[in-house]
Amino acid sequence: MRTQLKHGFAGMVMALTSICAFGQCPDRPATGTVVADAPSLVSQNGTLAAKFTMAQSVDIYGYTHYCYKYASGSQIIEAPTLRLNPGDKLGLDIVNRNNADAEMMKMAMPPAACGDKGMATISSTNVHFHGLNVPPKCHQDDVINTLIQPGTPGFQYGMQIPSKEPPGLYWYHPHVHGFTEFQVNGGAAGALIVEGMEKYRPEVAGLTERVFVIRQQFLVPWVPGPYQLTINYQVAPFLGGGPIIQMKPGEKQFWRVANATLQDFLKLAFVVNGKAQPMEMIAMDGYPLGQTRLQKVISIPPAGRAEFIVQAPAAGASASFVTESADTGPTGNPDQAQTLGTIQLTDTATGGWHAPSPAMQADPGQLKFANLSEQTPMTQRKLYFSEEFGGTNGPIQFYITVDGQKQKVFDINEAPAIVTKVGAVEDWTIENRALETHAFHIHQIHFKLLEVDGKPAPHQDLLDTVEVPYWEGNGHPYHSVKVRMDFRDPNTAGTFVFHCHILLHEDLGMMHKILVEP
Amino acid sequence: MRIANAFLAIAVIVCLAGSISFAQTRYVVTNDDIGFPLPNGASFFSVGANGTLTFQAQVNTHSWGIGGGYFGANRVLSASDGQQPCVYISQAVSGSIAGVAVNTLTLGGVASGSATDTGQSNGIGLVTQGGYLYASFTDSNTIATFSIEGGCSLTFISDTVVTGVNGGNINAMATKGTVMVVTYTDGSIESFNIANGVPVSNGDAQLSTATVKTKDATFPNEIQITADGHYVIFGDTSTAVILEVSDISSGKLTTTKVYGSQNGISSSNILLSPDERVLYVVDTQGDAVTAFAFEKNSGTLKYGCKSGPIRGQSSSWSYLVHAALVSDTGTGGGVYVAEFGATSGIALLHFNVANGKCTLQEDSASPFVDPNSTGLLSIGIAKSQ
């Protein structure tokens, strides 16, 4: 892997420069225009079926775009929002038309692959339904064995949203080990909403709903340098006029924000006349909160989601949607403060989705994981993040290790680092022994945040991604979080992964498998 | 108890060393490792009272560095050309090695290896022995042999192609007598016979013990060889502090013994004191330097002491890299350490022994800013005549 990094880098540059320059992805919105939500595809009669074509192109500034294209009549829509209800069936066909020179970068895949055969390359793809509590099976949410190769007829995903799936914001993105960062950097990510939030949080009923997907693009992934954040594909520049978010004066809106960046720890704030305003928190990582709470800053690690209510000021005020700077440690990435969108107050504000009025309230106690606090963990585990730097440009190794095991990077053919059984409830302490902040994520389940640095977490939310702050160095303790894992659902049976959701780290092996035996 | 005795003896040597005066000017020299479009250079800092540094001059090498690369490849080398002291500086992007005359602080010769030699990604390391200079080109995996010529110049002789057991790139080198030892990024180590100038493998390439057996992820990086050629010490790039020692008295590397401490994060760079009783270990990603007591008769290491946090981590620098000795005798009196960062600098730590216990303390005037480098990895010592 160490040598693969070096050769991979050179190969990556060549591969990206060899991409066909003709525009296969739709044009993205110009900076300084009104931000529009992605069009929604809504399930009908319990089913949502769609076909996406994954493609790529290079824009006039040299950024490589990867896109999920959906044909709606003669119109091509990029990364539509998928809207389903608990119990609905999702059928998603993926056709891969990536065209980078795949020979430049490739990795071996296990022989019993799902989908197409062959090596995983920079042009291979698959889909992870981030946060959904669906089985880690072929054609559902398997990322270990599934490959969709360019030029093949395609691949069919088919799954049923669990009847007790929490309503909220999820997202989909490619997850081919070694190459995830390239495709997500290119914009291959979209929102998936499980409907029904108003049944659990009536505060949102009737409000205009906005779905903002924050993405991040580097000219060349893996190369440190300036980056751009985008909001619904519109670049938010560090300076100058940026995206415009329209609201009616005084209007309350329900915002659903996905952090689909490669590595940016967002610290969101809604600023009016220079002061951060309280935002009413509704849900985190697609799970409605037991009680709403007011926050002036909402922290979302890479891959996390936050859903909250903001209120526009009265006419004449100035307002903006910003992310504050995040300190990610001595070897972390500089996550800078910047405006994501300027609020334009207008009586004719349009756009967004309208959440229905609640037909009836639902019992949050019936949602998955609802009673997790009351469960007694059967097993305690300790895991830790660590890094090994042999030079400023590498070899750099990123590890997540089960305490007691040897530190090693992920190998697609490895045996699971953790083996447990359906029915297990476990408490995991995840420690950060590296000098940069990491984002822990596990597939297939939500977990409950219990403790931070050995003390009860101020907000014991159900999450699927959690920030683990960096180690300050010699003489300081390691920061940690303690989370409760719930493997009681038979749907969790199978092999899946846990990893850091800084995508470079994931691609370089800060990931391992867990096997949940039936 | 053995540690106490060792440091008591060291203390005596320190006192003796303190009475010696030097006629020549002593410099700490940096490879500023400046990249295109600005030319690279070597900055010379004169050593003043108590080891403090004063910037004197930068010698332009009219070549380009890279401002980064492997921690183990030392890019500054002091060597005599037979007539005068020289400092050789490698230039990663230009693929060249520049000689600087220390007496006049002027550029001597600039030499390149073969057409295939390249270290553009991770740098070019330098070592010397017996009138030869060896350059490790970390991308092409070649060791270029040069003869050192008058005027601080070099003449290229030939390349030796090398590679780690599992395909790793050449990382660090060290020489002593007729032996050269190298490390590779895959965790392997290998020795070479350099009796006839050009390195010839001794056929002992092997993965280090820590690479294979410890739970920590680790691979050997910088190397020290004892003066009698008996032991080779490796500082490991690791998620902890890992040191390894191999007995090479047979002429071949033997299985390494592992010494370690969780109290740190990586130990890529190490430096043995002149009396070979103290091993300075730079905590590459942490903010400290550790002193281990080295028993040169048995080749064993024991923890001695650790500095406090060195000023400026994160705010000024992100890695501690190569070290150079404060003094040429005894324990070395402490170390200078290169601080890699946008404001690169040099830390000065004093080593002392009292009542059988050692201390490593940063000088109140430390760090000394290198005004010419934003990516300092390598420093060395040079003395004018």
# chains A, B, ... in the order shown; residues from 1 in each chain; ligands from 1
$ residues_around --residues "Pro26 of chain A" --least-positions-apart "4" --cutoff "12 Å" --atoms "only C-alpha atoms" --output "PDB file with C-alpha atoms, in the first residue's frame"
ATOM      1  CA  PHE A  22     -16.386  16.671 -23.545  1.00  0.00           C
ATOM      2  CA  THR A  53     -26.095   6.922 -15.237  1.00  0.00           C
ATOM      3  CA  MET A  54     -22.745   7.642 -13.609  1.00  0.00           C
ATOM      4  CA  ALA A  55     -20.643   9.818 -15.878  1.00  0.00           C
ATOM      5  CA  GLN A  56     -17.737  12.173 -15.685  1.00  0.00           C
ATOM      6  CA  SER A  57     -16.327  15.217 -17.395  1.00  0.00           C
ATOM      7  CA  VAL A  58     -13.958  18.091 -16.764  1.00  0.00           C
ATOM      8  CA  ASP A  59     -15.202  21.644 -16.438  1.00  0.00           C
ATOM      9  CA  HIS A  65     -17.044  16.136 -12.247  1.00  0.00           C
ATOM     10  CA  TYR A  66     -18.548  12.770 -11.453  1.00  0.00           C
ATOM     11  CA  CYS A  67     -22.311  12.804 -11.717  1.00  0.00           C
ATOM     12  CA  TYR A  68     -25.404  10.709 -11.208  1.00  0.00           C
ATOM     13  CA  LYS A  69     -27.537  11.581 -14.214  1.00  0.00           C
ATOM     14  CA  TYR A  70     -31.283  10.966 -14.267  1.00  0.00           C
ATOM     15  CA  ALA A  71     -33.236  11.442 -17.475  1.00  0.00           C
ATOM     16  CA  GLN A  75     -34.049  16.917 -19.319  1.00  0.00           C
ATOM     17  CA  ILE A  76     -31.032  15.522 -17.539  1.00  0.00           C
ATOM     18  CA  ILE A  77     -31.129  15.982 -13.763  1.00  0.00           C
ATOM     19  CA  GLU A  78     -28.056  15.569 -11.619  1.00  0.00           C
ATOM     20  CA  ALA A  79     -28.294  13.680  -8.326  1.00  0.00           C
ATOM     21  CA  GLY A 187     -19.854  15.599  -6.904  1.00  0.00           C
ATOM     22  CA  TYR A 233     -23.428  22.333  -6.823  1.00  0.00           C
TER      23      TYR A 233
END
$ select_by_dssp --residues "segment 242-401 of chain A" --states "helix (DSSP H, G or I)" --output "PyMOL selection string"
chain A and resi 364-366+372-374
$ write_last_selection --atoms "N, CA and C atoms" --output "mmCIF file, in the first residue's frame"
data_model
loop_
_atom_site.group_PDB
_atom_site.id
_atom_site.type_symbol
_atom_site.label_atom_id
_atom_site.label_comp_id
_atom_site.auth_asym_id
_atom_site.auth_seq_id
_atom_site.Cartn_x
_atom_site.Cartn_y
_atom_site.Cartn_z
ATOM 1 N N PRO A 364 -42.528 7.859 18.825
ATOM 2 C CA PRO A 364 -41.091 7.705 18.558
ATOM 3 C C PRO A 364 -40.511 6.444 19.193
ATOM 4 N N GLY A 365 -41.227 5.905 20.149
ATOM 5 C CA GLY A 365 -40.762 4.673 20.781
ATOM 6 C C GLY A 365 -40.808 3.478 19.845
ATOM 7 N N GLN A 366 -41.494 3.636 18.698
ATOM 8 C CA GLN A 366 -41.579 2.535 17.740
ATOM 9 C C GLN A 366 -40.456 2.576 16.696
ATOM 10 N N LEU A 372 -32.581 2.070 22.917
ATOM 11 C CA LEU A 372 -31.194 1.598 23.038
ATOM 12 C C LEU A 372 -30.576 1.947 24.388
ATOM 13 N N SER A 373 -30.995 3.077 24.955
ATOM 14 C CA SER A 373 -30.431 3.476 26.259
ATOM 15 C C SER A 373 -30.737 2.443 27.335
ATOM 16 N N GLU A 374 -31.861 1.758 27.157
ATOM 17 C CA GLU A 374 -32.289 0.827 28.199
ATOM 18 C C GLU A 374 -31.622 -0.534 28.080
#
$ interface_residues --of "chain A" --to "chain B" --cutoff "12 Å" --atoms "only C-alpha atoms" --output "JSON, numbers by chain"
{"A": [1, 2, 3, 4, 5, 6, 7, 9, 10, 327, 328, 329, 330, 331, 332, 333, 334, 384, 385, 386, 387, 388, 389, 390, 391, 392, 393, 394, 395, 396, 397, 398, 399, 400, 401, 402, 403, 404, 405, 406, 407, 408, 409, 432, 433, 434, 435, 436, 471, 472, 473, 474, 475, 476, 477, 478]}
$ write_last_selection --atoms "C-alpha atoms" --output "short mmCIF file (atom, residue, chain, number, x, y, z; two decimals), in the first residue's frame"
data_model
loop_
_atom_site.label_atom_id
_atom_site.label_comp_id
_atom_site.auth_asym_id
_atom_site.auth_seq_id
_atom_site.Cartn_x
_atom_site.Cartn_y
_atom_site.Cartn_z
CA MET A 1 0.00 0.00 0.00
CA ARG A 2 2.88 2.31 0.68
CA THR A 3 4.18 1.94 -2.83
CA GLN A 4 0.66 1.93 -4.19
CA LEU A 5 0.27 5.39 -2.74
CA LYS A 6 3.19 6.72 -4.71
CA HIS A 7 2.41 4.98 -7.96
CA PHE A 9 -0.63 9.29 -7.12
CA ALA A 10 1.23 9.48 -10.39
CA ASP A 327 -9.56 23.29 14.28
CA THR A 328 -8.77 19.76 13.15
CA GLY A 329 -5.30 19.51 14.68
CA PRO A 330 -1.63 19.90 13.77
CA THR A 331 -1.81 17.46 10.89
CA GLY A 332 -5.46 18.09 10.09
CA ASN A 333 -6.89 19.92 7.15
CA PRO A 334 -7.47 23.63 7.50
CA TYR A 384 -8.47 3.81 18.10
CA PHE A 385 -7.42 5.96 15.20
CA SER A 386 -3.70 6.44 14.55
CA GLU A 387 -1.46 7.69 11.79
CA GLU A 388 2.08 7.00 10.67
CA PHE A 389 3.98 9.62 8.67
CA GLY A 390 7.24 8.63 6.98
CA GLY A 391 7.59 11.97 5.27
CA THR A 392 5.67 15.06 4.38
CA ASN A 393 4.47 13.51 1.13
CA GLY A 394 4.24 9.96 2.40
CA PRO A 395 4.40 7.17 3.02
CA ILE A 396 1.47 8.03 5.25
CA GLN A 397 -0.61 5.30 6.76
CA PHE A 398 -4.01 5.73 8.36
CA TYR A 399 -5.23 3.14 10.80
CA ILE A 400 -8.31 2.29 12.77
CA THR A 401 -7.48 -0.55 15.11
CA VAL A 402 -9.37 -2.74 17.51
CA ASP A 403 -7.33 -2.50 20.67
CA GLY A 404 -5.10 -5.54 21.00
CA GLN A 405 -4.90 -6.21 17.28
CA LYS A 406 -2.02 -5.19 15.03
CA GLN A 407 -2.37 -1.89 13.32
CA LYS A 408 -2.89 -2.46 9.64
CA VAL A 409 -4.56 -0.77 6.75
CA ASN A 432 -8.09 9.27 18.65
CA ARG A 433 -4.33 8.85 18.96
CA ALA A 434 -3.62 10.94 15.88
CA LEU A 435 -2.84 14.61 15.60
CA GLU A 436 -5.89 15.28 13.49
CA TRP A 471 -4.85 14.39 20.24
CA GLU A 472 -3.07 17.53 21.42
CA GLY A 473 0.20 15.65 21.82
CA ASN A 474 2.55 14.53 24.54
CA GLY A 475 1.24 15.04 28.03
CA HIS A 476 -2.37 15.22 26.90
CA PRO A 477 -4.92 12.44 27.11
CA TYR A 478 -6.46 10.97 24.01
#
$ closest_atom_pairs --of "segment 18-48 of chain B" --to "segment 102-114 of chain B" --cutoff "12 Å" --atoms "only C-alpha atoms" --output "tab-separated table"
residue	atom	partner	partner_atom	distance
B:Gln24	CA	B:Asn103	CA	9.5
B:Thr25	CA	B:Asn103	CA	8.8
B:Arg26	CA	B:Val102	CA	9.8
B:Tyr27	CA	B:Val102	CA	8.9
B:Val28	CA	B:Val102	CA	11.2
B:Val29	CA	B:Val102	CA	9.9
B:Asn40	CA	B:Leu107	CA	12.0
B:Gly41	CA	B:Leu107	CA	9.7
B:Ala42	CA	B:Leu105	CA	9.4
B:Ser43	CA	B:Leu105	CA	9.6
B:Phe44	CA	B:Leu105	CA	8.3
B:Phe45	CA	B:Leu105	CA	11.3
B:Ser46	CA	B:Val102	CA	11.6
$ atom_distance --atom1 "atom CA of Asn491 of chain A" --atom2 "atom CA of Pro153 of chain A"
28.8 Å
$ residues_around --residues "Asp204 of chain B" --least-positions-apart "2" --cutoff "7 Å" --atoms "only C-alpha atoms" --output "JSON, numbers by chain"
{"B": [190, 191, 202, 206, 252, 253]}
$ write_last_selection --atoms "C-alpha atoms" --output "mmCIF file, in the first residue's frame"
data_model
loop_
_atom_site.group_PDB
_atom_site.id
_atom_site.type_symbol
_atom_site.label_atom_id
_atom_site.label_comp_id
_atom_site.auth_asym_id
_atom_site.auth_seq_id
_atom_site.Cartn_x
_atom_site.Cartn_y
_atom_site.Cartn_z
ATOM 1 C CA GLU B 190 19.818 -4.084 4.030
ATOM 2 C CA SER B 191 23.570 -3.631 4.295
ATOM 3 C CA ASN B 202 25.738 -8.122 1.559
ATOM 4 C CA GLN B 206 15.143 -8.486 5.623
ATOM 5 C CA LYS B 252 25.622 -8.880 7.938
ATOM 6 C CA LEU B 253 22.546 -7.453 9.585
#
$ select_by_dssp --residues "segment 185-351 of chain B" --states "strand (DSSP E)" --output "PyMOL selection string"
chain B and resi 188-193+200-201+206-207+218-225+231-238+241-247+257-261+269-272+278-282+289-295+300-306+319-325+334-340+345-351
$ closest_residue --among "B:Ser261, B:Asn60, B:Gly51, B:Ala92" --to "Leu38 of chain B" --atoms "only C-alpha atoms"
B:Asn60
$ residues_around --residues "segment 244-246 of chain B" --least-positions-apart "3" --cutoff "6 Å" --atoms "only C-alpha atoms" --output "number ranges by chain"
B: 231-234, 254, 256-259
$ residues_around --residues "Ile270 of chain B" --least-positions-apart "5" --cutoff "6 Å" --atoms "only C-alpha atoms" --output "PyMOL selection string"
chain B and resi 235+280-281
$ write_last_selection --atoms "N, CA and C atoms" --output "mmCIF file, in the first residue's frame"
data_model
loop_
_atom_site.group_PDB
_atom_site.id
_atom_site.type_symbol
_atom_site.label_atom_id
_atom_site.label_comp_id
_atom_site.auth_asym_id
_atom_site.auth_seq_id
_atom_site.Cartn_x
_atom_site.Cartn_y
_atom_site.Cartn_z
ATOM 1 N N GLY B 235 15.776 4.217 14.014
ATOM 2 C CA GLY B 235 14.625 4.945 14.532
ATOM 3 C C GLY B 235 13.456 4.672 13.608
ATOM 4 N N TYR B 280 19.672 10.254 20.968
ATOM 5 C CA TYR B 280 18.607 11.252 20.919
ATOM 6 C C TYR B 280 17.537 10.779 19.926
ATOM 7 N N VAL B 281 16.316 10.782 20.374
ATOM 8 C CA VAL B 281 15.208 10.307 19.552
ATOM 9 C C VAL B 281 14.221 11.458 19.361
#
$ residues_around --residues "Arg215 of chain A" --least-positions-apart "2" --cutoff "6 Å" --atoms "only C-alpha atoms" --output "ChimeraX atom specification"
/A:229-230,260-261
$ write_last_selection --atoms "N, CA and C atoms" --output "compact mmCIF listing (two decimals), in the first residue's frame"
# COMPACT_ATOMS: atom_id res chain seq x y z
N LEU A 229 -16.01 24.76 -1.47
CA LEU A 229 -17.26 24.16 -1.01
C LEU A 229 -18.35 24.57 -1.99
N THR A 230 -19.29 23.68 -2.19
CA THR A 230 -20.43 24.03 -3.03
C THR A 230 -21.70 23.73 -2.26
N ALA A 260 -21.66 16.47 2.53
CA ALA A 260 -21.14 15.50 1.56
C ALA A 260 -19.73 15.87 1.13
N THR A 261 -19.02 16.57 2.01
CA THR A 261 -17.64 16.95 1.68
C THR A 261 -16.70 15.76 1.89
$ residues_around --residues "Thr350 of chain A" --least-positions-apart "4" --cutoff "12 Å" --atoms "only C-alpha atoms" --output "number ranges by chain"
A: 34-37, 208-210, 244-248, 253, 344-346, 354
$ write_last_selection --atoms "N, CA and C atoms" --output "short mmCIF file (atom, residue, chain, number, x, y, z; two decimals), in the first residue's frame"
data_model
loop_
_atom_site.label_atom_id
_atom_site.label_comp_id
_atom_site.auth_asym_id
_atom_site.auth_seq_id
_atom_site.Cartn_x
_atom_site.Cartn_y
_atom_site.Cartn_z
N VAL A 34 -29.40 32.10 -7.59
CA VAL A 34 -30.28 31.60 -6.54
C VAL A 34 -30.12 30.09 -6.41
N VAL A 35 -29.94 29.64 -5.19
CA VAL A 35 -29.74 28.20 -4.95
C VAL A 35 -31.07 27.47 -5.11
N ALA A 36 -31.04 26.45 -5.94
CA ALA A 36 -32.23 25.61 -6.14
C ALA A 36 -31.99 24.25 -5.51
N ASP A 37 -33.04 23.65 -4.98
CA ASP A 37 -32.92 22.29 -4.48
C ASP A 37 -32.88 21.33 -5.67
N THR A 208 -41.79 25.38 4.64
CA THR A 208 -41.03 25.16 3.42
C THR A 208 -39.75 24.42 3.78
N GLU A 209 -39.50 23.38 3.04
CA GLU A 209 -38.36 22.52 3.34
C GLU A 209 -37.29 22.75 2.28
N ARG A 210 -36.05 22.95 2.73
CA ARG A 210 -34.93 23.08 1.79
C ARG A 210 -33.95 21.95 2.04
N ILE A 244 -27.08 32.47 -3.49
CA ILE A 244 -28.17 33.26 -2.90
C ILE A 244 -29.27 32.29 -2.46
N ILE A 245 -29.63 32.40 -1.19
CA ILE A 245 -30.72 31.59 -0.66
C ILE A 245 -31.91 32.52 -0.40
N GLN A 246 -32.98 32.25 -1.08
CA GLN A 246 -34.14 33.13 -0.93
C GLN A 246 -35.05 32.67 0.20
N MET A 247 -35.52 33.63 1.00
CA MET A 247 -36.51 33.38 2.04
C MET A 247 -37.45 34.58 2.09
N LYS A 248 -38.64 34.33 2.57
CA LYS A 248 -39.55 35.45 2.80
C LYS A 248 -39.21 36.08 4.14
N GLN A 253 -38.20 28.22 7.94
CA GLN A 253 -38.00 27.14 6.98
C GLN A 253 -37.35 25.95 7.69
N GLN A 344 -31.35 36.14 0.74
CA GLN A 344 -32.04 37.22 0.03
C GLN A 344 -33.50 37.22 0.50
N LEU A 345 -33.90 38.31 1.11
CA LEU A 345 -35.25 38.40 1.67
C LEU A 345 -36.19 38.97 0.61
N THR A 346 -37.13 38.16 0.22
CA THR A 346 -38.05 38.59 -0.81
C THR A 346 -39.41 37.93 -0.61
N HIS A 354 -42.57 21.35 0.37
CA HIS A 354 -43.47 21.69 1.48
C HIS A 354 -43.83 20.44 2.26
#
$ atom_distance --atom1 "atom CA of Arg293 of chain A" --atom2 "atom CA of Arg256 of chain A"
15.6 Å
